[in-house]
$ cat input29.txt   # compact mmCIF, C-alpha atoms
# COMPACT_ATOMS: atom_id res chain seq x y z
CA MET A 11 148.72 92.09 12.92
CA THR A 12 151.21 90.06 14.96
CA GLU A 13 150.37 86.75 16.60
CA LEU A 14 148.19 87.31 19.64
CA THR A 15 147.53 85.47 22.87
CA LYS A 16 144.13 85.39 24.54
CA ASP A 17 144.21 86.36 28.20
CA SER A 18 141.56 87.29 30.74
CA LEU A 19 141.03 89.18 33.97
CA PHE A 20 138.42 89.13 36.73
CA GLY A 21 137.51 85.48 36.36
CA GLY A 22 137.21 85.66 32.59
CA ARG A 23 134.78 88.59 32.59
CA LEU A 24 137.30 90.74 30.73
CA LYS A 25 139.06 89.25 27.69
CA ILE A 26 142.31 90.74 26.47
CA LYS A 27 144.33 89.89 23.39
CA GLN A 28 147.95 90.99 23.29
CA SER A 29 151.08 90.41 21.27
CA ARG A 30 152.75 87.07 21.95
CA SER A 31 156.28 88.36 21.40
CA GLY A 32 156.03 92.17 21.71
CA TYR A 33 154.79 94.39 24.50
CA ARG A 34 152.60 92.66 27.10
CA PHE A 35 150.89 94.45 29.95
CA SER A 36 152.34 94.12 33.43
CA MET A 37 151.02 94.05 36.96
CA ASP A 38 151.47 97.85 37.05
CA ALA A 39 148.60 98.36 34.59
CA VAL A 40 146.16 96.30 36.67
CA VAL A 41 147.24 97.92 39.93
CA ILE A 42 146.86 101.50 38.70
CA ALA A 43 143.48 100.79 37.11
CA LYS A 44 142.18 99.37 40.41
CA TYR A 45 143.91 102.09 42.47
CA ALA A 46 142.36 104.94 40.49
CA ASP A 47 139.55 106.72 42.32
CA ILE A 48 137.11 107.05 39.42
CA LYS A 49 133.80 108.82 39.92
CA ILE A 50 130.42 108.46 38.18
CA ASP A 51 130.35 110.16 34.75
CA ASP A 52 134.09 110.84 34.76
CA ARG A 53 135.70 111.36 31.38
CA VAL A 54 139.10 109.67 31.33
CA ILE A 55 142.14 109.62 29.06
CA ASP A 56 144.44 106.59 29.24
CA MET A 57 147.75 107.85 27.84
CA GLY A 58 149.89 105.15 26.22
CA THR A 59 147.13 102.55 26.31
CA GLY A 60 149.09 99.74 24.61
CA CYS A 61 146.68 96.85 24.10
CA GLY A 62 144.04 98.88 25.94
CA VAL A 63 144.22 97.04 29.25
CA ILE A 64 143.82 100.06 31.55
CA SER A 65 140.99 101.51 29.44
CA LEU A 66 139.23 98.14 29.43
CA ILE A 67 139.56 97.61 33.19
CA LEU A 68 138.27 101.11 33.94
CA ALA A 69 135.28 100.71 31.63
CA HIS A 70 134.56 97.26 33.07
CA LEU A 71 134.66 98.48 36.67
CA HIS A 72 132.89 101.80 36.11
CA PRO A 73 129.92 101.44 33.74
CA ASP A 74 129.06 105.17 33.77
CA ILE A 75 132.36 106.58 32.49
CA THR A 76 133.79 107.45 29.08
CA VAL A 77 137.39 106.49 28.25
CA TYR A 78 139.78 107.57 25.51
CA GLY A 79 142.81 105.32 25.06
CA VAL A 80 145.73 106.97 23.22
CA GLU A 81 148.50 104.91 21.63
CA ILE A 82 151.25 106.04 19.23
CA LEU A 83 152.09 102.58 17.84
CA LYS A 84 149.66 101.58 15.07
CA ASN A 85 149.90 97.86 15.79
CA GLN A 86 149.14 98.32 19.48
CA ALA A 87 146.28 100.72 18.73
CA GLU A 88 144.76 98.10 16.41
CA ILE A 89 144.97 95.46 19.14
CA ALA A 90 143.39 97.87 21.63
CA ALA A 91 140.52 98.60 19.24
CA LEU A 92 140.04 94.86 18.74
CA ASN A 93 139.86 94.34 22.51
CA VAL A 94 137.29 97.12 22.81
CA ARG A 95 135.08 95.41 20.23
CA ASP A 96 135.57 91.94 21.73
CA ASN A 97 134.37 93.24 25.11
CA ASN A 98 131.43 95.19 23.63
CA LEU A 99 132.72 98.50 24.96
CA GLU A 100 132.62 100.54 21.73
CA LYS A 101 130.05 102.98 23.12
CA ARG A 102 132.27 103.96 26.04
CA VAL A 103 135.89 103.40 24.96
CA THR A 104 137.50 105.16 21.99
CA ILE A 105 141.02 104.33 20.82
CA LEU A 106 143.07 107.13 19.26
CA ASN A 107 146.19 106.17 17.28
CA GLN A 108 148.40 109.22 17.72
CA ASP A 109 151.22 110.88 19.60
CA ILE A 110 150.18 111.96 23.11
CA LYS A 111 151.97 115.27 22.55
CA THR A 112 149.57 116.18 19.72
CA LEU A 113 146.36 115.55 21.69
CA SER A 114 143.86 118.38 21.77
CA PRO A 115 140.71 118.83 23.88
CA HIS A 116 138.58 119.09 20.74
CA GLN A 117 139.26 115.38 20.13
CA THR A 118 137.62 114.49 23.44
CA SER A 119 134.76 117.00 23.30
CA GLY A 120 136.59 119.21 25.77
CA THR A 121 138.88 118.72 28.71
CA VAL A 122 138.58 115.59 30.86
CA ASP A 123 138.27 114.77 34.56
CA VAL A 124 141.08 112.21 34.80
CA VAL A 125 144.28 111.38 32.95
CA ILE A 126 145.76 108.01 33.85
CA CYS A 127 149.16 106.84 32.68
CA ASN A 128 151.71 104.05 33.05
CA PRO A 129 154.39 105.86 31.03
CA PRO A 130 157.83 104.88 29.73
CA HIS A 131 160.11 105.36 32.70
CA ILE A 132 163.69 104.64 31.62
CA GLU A 133 165.51 107.79 30.53
CA LYS A 134 166.58 107.55 26.90
CA ALA A 135 170.30 107.62 27.66
CA CYS A 136 170.02 104.94 30.36
CA GLY A 137 169.85 101.17 30.17
CA ARG A 138 169.92 98.75 27.25
CA ILE A 139 167.40 99.45 24.50
CA ASN A 140 165.24 96.41 23.68
CA PHE A 141 165.41 95.14 20.09
CA SER A 142 161.60 95.15 19.90
CA ASP A 143 160.17 98.57 18.99
CA GLN A 144 157.08 97.88 21.11
CA LEU A 145 159.11 97.04 24.19
CA ALA A 146 161.57 99.89 23.67
CA VAL A 147 158.85 102.52 23.26
CA SER A 148 156.88 101.20 26.24
CA ARG A 149 159.89 101.23 28.60
CA HIS A 150 162.25 103.96 27.39
CA GLU A 151 161.62 107.68 26.92
CA ILE A 152 162.07 107.41 23.15
CA LYS A 153 158.80 108.84 21.85
CA ILE A 154 157.91 110.88 24.93
CA THR A 155 159.53 112.03 28.19
CA LEU A 156 158.06 112.32 31.67
CA ASP A 157 157.95 116.10 31.27
CA GLU A 158 156.04 115.81 27.99
CA VAL A 159 153.55 113.34 29.47
CA ILE A 160 152.72 115.70 32.32
CA LYS A 161 152.50 118.75 30.03
CA ALA A 162 150.07 116.83 27.80
CA ALA A 163 148.04 115.83 30.87
CA LYS A 164 147.86 119.46 32.02
CA LYS A 165 146.56 120.51 28.59
CA MET A 166 143.85 117.83 28.60
CA LEU A 167 142.67 118.16 32.22
CA CYS A 168 139.89 120.42 33.42
CA ARG A 169 140.53 122.66 36.41
CA SER A 170 140.81 120.39 39.48
CA GLY A 171 141.18 117.42 37.12
CA ARG A 172 143.32 114.56 38.35
CA LEU A 173 146.47 112.96 36.97
CA ILE A 174 147.03 109.38 38.16
CA MET A 175 150.35 107.71 37.42
CA VAL A 176 152.43 104.66 38.31
CA TYR A 177 156.17 105.29 38.28
CA PRO A 178 159.42 103.76 39.57
CA ALA A 179 160.05 104.59 43.22
CA GLU A 180 163.62 105.61 42.44
CA ARG A 181 162.29 108.46 40.26
CA LEU A 182 159.85 109.83 42.84
CA VAL A 183 161.68 113.17 43.07
CA ASP A 184 161.54 113.59 39.28
CA LEU A 185 157.81 112.83 39.28
CA ILE A 186 156.95 115.34 42.00
CA ASP A 187 159.20 118.00 40.46
CA ARG A 188 157.63 117.67 36.98
CA MET A 189 154.08 117.60 38.34
CA ARG A 190 154.58 120.76 40.39
CA SER A 191 156.26 122.54 37.49
CA CYS A 192 153.03 121.98 35.51
CA ASP A 193 150.74 123.18 38.33
CA ILE A 194 149.65 119.63 39.16
CA GLU A 195 149.94 119.22 42.91
CA PRO A 196 150.69 115.72 44.28
CA LYS A 197 147.81 114.84 46.62
CA LYS A 198 147.80 111.06 47.21
CA MET A 199 150.61 108.53 47.14
CA THR A 200 150.80 104.78 47.67
CA VAL A 201 154.14 102.97 47.76
CA LEU A 202 154.14 99.53 46.13
CA TYR A 203 156.40 96.70 47.36
CA THR A 204 156.78 93.27 45.78
CA LYS A 205 157.43 91.84 49.28
CA SER A 206 157.45 93.34 52.76
CA ASP A 207 161.23 92.94 53.10
CA ALA A 208 162.03 94.36 49.64
CA ASP A 209 162.78 97.92 48.61
CA ALA A 210 159.93 99.96 47.18
CA LYS A 211 159.31 99.17 43.52
CA ARG A 212 156.67 101.59 42.29
CA ILE A 213 154.85 104.74 43.34
CA LEU A 214 151.14 105.24 42.67
CA MET A 215 150.58 108.99 42.55
CA GLU A 216 147.52 111.18 42.15
CA GLY A 217 147.88 114.89 41.51
CA VAL A 218 145.28 117.63 41.11
CA LYS A 219 145.56 120.41 38.53
CA GLY A 220 145.66 123.66 40.46
CA GLY A 221 145.46 121.80 43.77
CA ARG A 222 146.64 123.17 47.10
CA PRO A 223 149.81 121.78 48.74
CA GLY A 224 149.37 118.81 51.06
CA ILE A 225 149.77 115.12 50.32
CA LYS A 226 148.20 112.02 51.85
CA ILE A 227 150.47 108.97 51.98
CA ASN A 228 148.38 105.82 52.03
CA LYS A 229 149.16 102.49 53.64
CA PRO A 230 151.76 100.64 51.49
CA LEU A 231 150.62 98.04 49.00
CA ILE A 232 152.52 94.72 49.28
CA ILE A 233 151.99 92.26 46.42
CA HIS A 234 153.55 88.96 47.60
CA ASN A 235 153.77 87.13 50.91
CA ALA A 236 157.09 85.62 51.96
CA ASP A 237 156.13 82.30 50.31
CA GLY A 238 155.43 83.98 46.97
CA THR A 239 151.62 83.83 47.18
CA TYR A 240 149.57 86.97 46.69
CA THR A 241 148.71 89.02 49.75
CA ALA A 242 145.04 89.61 50.58
CA SER A 243 145.35 93.16 49.20
CA ALA A 244 146.81 91.89 45.91
CA GLN A 245 144.10 89.26 45.61
CA ARG A 246 141.46 91.97 45.87
CA ILE A 247 143.19 93.95 43.15
CA PHE A 248 143.55 91.03 40.75
CA GLY A 249 139.99 89.83 41.32
CA TYR A 250 140.70 86.54 43.07

$ encode --input "input29.txt" --output "structure tokens"
Amino acid sequence: MTELTKDSLFGGRLKIKQSRSGYRFSMDAVVIAKYADIKIDDRVIDMGTGCGVISLILAHLHPDITVYGVEILKNQAEIAALNVRDNNLEKRVTILNQDIKTLSPHQTSGTVDVVICNPPHIEKACGRINFSDQLAVSRHEIKITLDEVIKAAKKMLCRSGRLIMVYPAERLVDLIDRMRSCDIEPKKMTVLYTKSDADAKRILMEGVKGGRPGIKINKPLIIHNADGTYTASAQRIFGY
């Protein structure tokens, strides 16, 4: 296993180890985990779990849920499993080291209520490919495309199950198009800005399998004040 750093969230209540030089979780992972409307006894799949950060946050915040974290990279899956053990969450979080495209409901004792995902978002033919396999796979559509992520989510979701994603604002049209093509209707959207005077950075989207048309657009989420400090909304998300 590669050299790891020891990080924490929520005032040290959640401990997370991650690669010092490879893929490291970003603000997006924390935001989507806090944004997700998770209900009691939900069964959740975290697609592309990396070091397990989204799975860990969800299990920490919602003590009555079951989470499956899926990660194709063996090294990252091993780190995620280590984090699960370190936080004593083995009874509620299971890490699966496999390709998302090969997932089957029998591995999760049936379909699930929620799929959550912070997927690779740079199209394979676009941008510079990072020399690190971890970083390349996490950012570029090398192992899986947006279309394949949503098709896998459809397969794993129960009827009226929810897909929750964070995605670049500039690819909003692609996201809505792919969701609708898989009978997952966009129902809630929050636009994320780094600062109030900046362009939109990310979209937080929730879609419902087999849902009726009609979307609610929430109040925007702004992360930083003009002086660079966190806004009150961001502080609530990051547990300050």

$ residues_around --input "input29.txt" --residues "Lys84 in chain A" --least-positions-apart "5" --cutoff "10 Å" --atoms "all atoms listed in the file" --output "PyMOL selection string"
chain A and resi 11+60+89-90+106-108

$ atom_distance --input "input29.txt" --atom1 "CA of Ile232 in chain A" --atom2 "CA of Met175 in chain A"
17.7 Å

$ closest_residue --input "input29.txt" --among "A:Leu99, A:Leu92, A:Ile126, A:Met57" --to "Gln28 in chain A" --atoms "all atoms listed in the file"
A:Leu92

$ closest_residue --input "input29.txt" --among "A:Asn97, A:Ser206, A:Tyr78, A:Ala87" --to "Lys25 in chain A" --atoms "all atoms listed in the file"
A:Asn97

$ atom_distance --input "input29.txt" --atom1 "CA of Lys197 in chain A" --atom2 "CA of Ile225 in chain A"
4.2 Å

$ build_atoms --input "input29.txt" --residues "range 77-105 of chain A" --atoms "N, CA and C atoms" --output "JSON list (two decimals), in the frame of the given file"
[["chain", "number", "residue", "atom", "x", "y", "z"],
["A", 77, "VAL", "N", 135.93, 106.62, 28.26],
["A", 77, "VAL", "CA", 137.39, 106.49, 28.25],
["A", 77, "VAL", "C", 137.93, 106.68, 26.85],
["A", 78, "TYR", "N", 139.02, 107.43, 26.75],
["A", 78, "TYR", "CA", 139.78, 107.57, 25.51],
["A", 78, "TYR", "C", 141.16, 106.96, 25.74],
["A", 79, "GLY", "N", 141.49, 105.93, 24.97],
["A", 79, "GLY", "CA", 142.81, 105.32, 25.06],
["A", 79, "GLY", "C", 143.68, 105.83, 23.92],
["A", 80, "VAL", "N", 144.86, 106.36, 24.23],
["A", 80, "VAL", "CA", 145.73, 106.97, 23.22],
["A", 80, "VAL", "C", 147.00, 106.14, 23.10],
["A", 81, "GLU", "N", 147.34, 105.77, 21.86],
["A", 81, "GLU", "CA", 148.50, 104.91, 21.63],
["A", 81, "GLU", "C", 149.19, 105.33, 20.33],
["A", 82, "ILE", "N", 150.50, 105.57, 20.40],
["A", 82, "ILE", "CA", 151.25, 106.04, 19.23],
["A", 82, "ILE", "C", 151.56, 104.92, 18.24],
["A", 83, "LEU", "N", 151.73, 103.69, 18.71],
["A", 83, "LEU", "CA", 152.09, 102.58, 17.84],
["A", 83, "LEU", "C", 150.84, 102.02, 17.16],
["A", 84, "LYS", "N", 150.84, 102.00, 15.83],
["A", 84, "LYS", "CA", 149.66, 101.58, 15.07],
["A", 84, "LYS", "C", 149.25, 100.16, 15.43],
["A", 85, "ASN", "N", 150.22, 99.26, 15.50],
["A", 85, "ASN", "CA", 149.90, 97.86, 15.79],
["A", 85, "ASN", "C", 149.22, 97.70, 17.14],
["A", 86, "GLN", "N", 149.74, 98.40, 18.15],
["A", 86, "GLN", "CA", 149.14, 98.32, 19.48],
["A", 86, "GLN", "C", 147.76, 98.96, 19.51],
["A", 87, "ALA", "N", 147.60, 100.07, 18.80],
["A", 87, "ALA", "CA", 146.28, 100.72, 18.73],
["A", 87, "ALA", "C", 145.25, 99.80, 18.07],
["A", 88, "GLU", "N", 145.67, 99.05, 17.07],
["A", 88, "GLU", "CA", 144.76, 98.10, 16.41],
["A", 88, "GLU", "C", 144.35, 96.98, 17.36],
["A", 89, "ILE", "N", 145.30, 96.49, 18.16],
["A", 89, "ILE", "CA", 144.97, 95.46, 19.14],
["A", 89, "ILE", "C", 144.02, 96.02, 20.19],
["A", 90, "ALA", "N", 144.27, 97.25, 20.64],
["A", 90, "ALA", "CA", 143.39, 97.87, 21.63],
["A", 90, "ALA", "C", 141.98, 98.01, 21.09],
["A", 91, "ALA", "N", 141.85, 98.46, 19.85],
["A", 91, "ALA", "CA", 140.52, 98.60, 19.24],
["A", 91, "ALA", "C", 139.83, 97.25, 19.12],
["A", 92, "LEU", "N", 140.59, 96.21, 18.80],
["A", 92, "LEU", "CA", 140.04, 94.86, 18.74],
["A", 92, "LEU", "C", 139.52, 94.42, 20.10],
["A", 93, "ASN", "N", 140.29, 94.70, 21.15],
["A", 93, "ASN", "CA", 139.86, 94.34, 22.51],
["A", 93, "ASN", "C", 138.60, 95.10, 22.92],
["A", 94, "VAL", "N", 138.50, 96.35, 22.51],
["A", 94, "VAL", "CA", 137.29, 97.12, 22.81],
["A", 94, "VAL", "C", 136.07, 96.46, 22.18],
["A", 95, "ARG", "N", 136.21, 96.07, 20.92],
["A", 95, "ARG", "CA", 135.08, 95.41, 20.23],
["A", 95, "ARG", "C", 134.76, 94.07, 20.86],
["A", 96, "ASP", "N", 135.79, 93.29, 21.17],
["A", 96, "ASP", "CA", 135.57, 91.94, 21.73],
["A", 96, "ASP", "C", 134.84, 91.99, 23.07],
["A", 97, "ASN", "N", 135.01, 93.10, 23.80],
["A", 97, "ASN", "CA", 134.37, 93.24, 25.11],
["A", 97, "ASN", "C", 133.12, 94.11, 25.07],
["A", 98, "ASN", "N", 132.67, 94.42, 23.84],
["A", 98, "ASN", "CA", 131.43, 95.19, 23.63],
["A", 98, "ASN", "C", 131.44, 96.53, 24.37],
["A", 99, "LEU", "N", 132.57, 97.22, 24.27],
["A", 99, "LEU", "CA", 132.72, 98.50, 24.96],
["A", 99, "LEU", "C", 132.84, 99.68, 24.00],
["A", 100, "GLU", "N", 132.44, 99.49, 22.73],
["A", 100, "GLU", "CA", 132.62, 100.54, 21.73],
["A", 100, "GLU", "C", 131.91, 101.84, 22.08],
["A", 101, "LYS", "N", 130.81, 101.76, 22.80],
["A", 101, "LYS", "CA", 130.05, 102.98, 23.12],
["A", 101, "LYS", "C", 130.73, 103.82, 24.19],
["A", 102, "ARG", "N", 131.67, 103.23, 24.92],
["A", 102, "ARG", "CA", 132.27, 103.96, 26.04],
["A", 102, "ARG", "C", 133.78, 104.10, 25.97],
["A", 103, "VAL", "N", 134.43, 103.33, 25.09],
["A", 103, "VAL", "CA", 135.89, 103.40, 24.96],
["A", 103, "VAL", "C", 136.24, 103.71, 23.51],
["A", 104, "THR", "N", 137.02, 104.76, 23.31],
["A", 104, "THR", "CA", 137.50, 105.16, 21.99],
["A", 104, "THR", "C", 139.02, 105.09, 21.97],
["A", 105, "ILE", "N", 139.57, 104.43, 20.96],
["A", 105, "ILE", "CA", 141.02, 104.33, 20.82],
["A", 105, "ILE", "C", 141.50, 105.33, 19.78]]
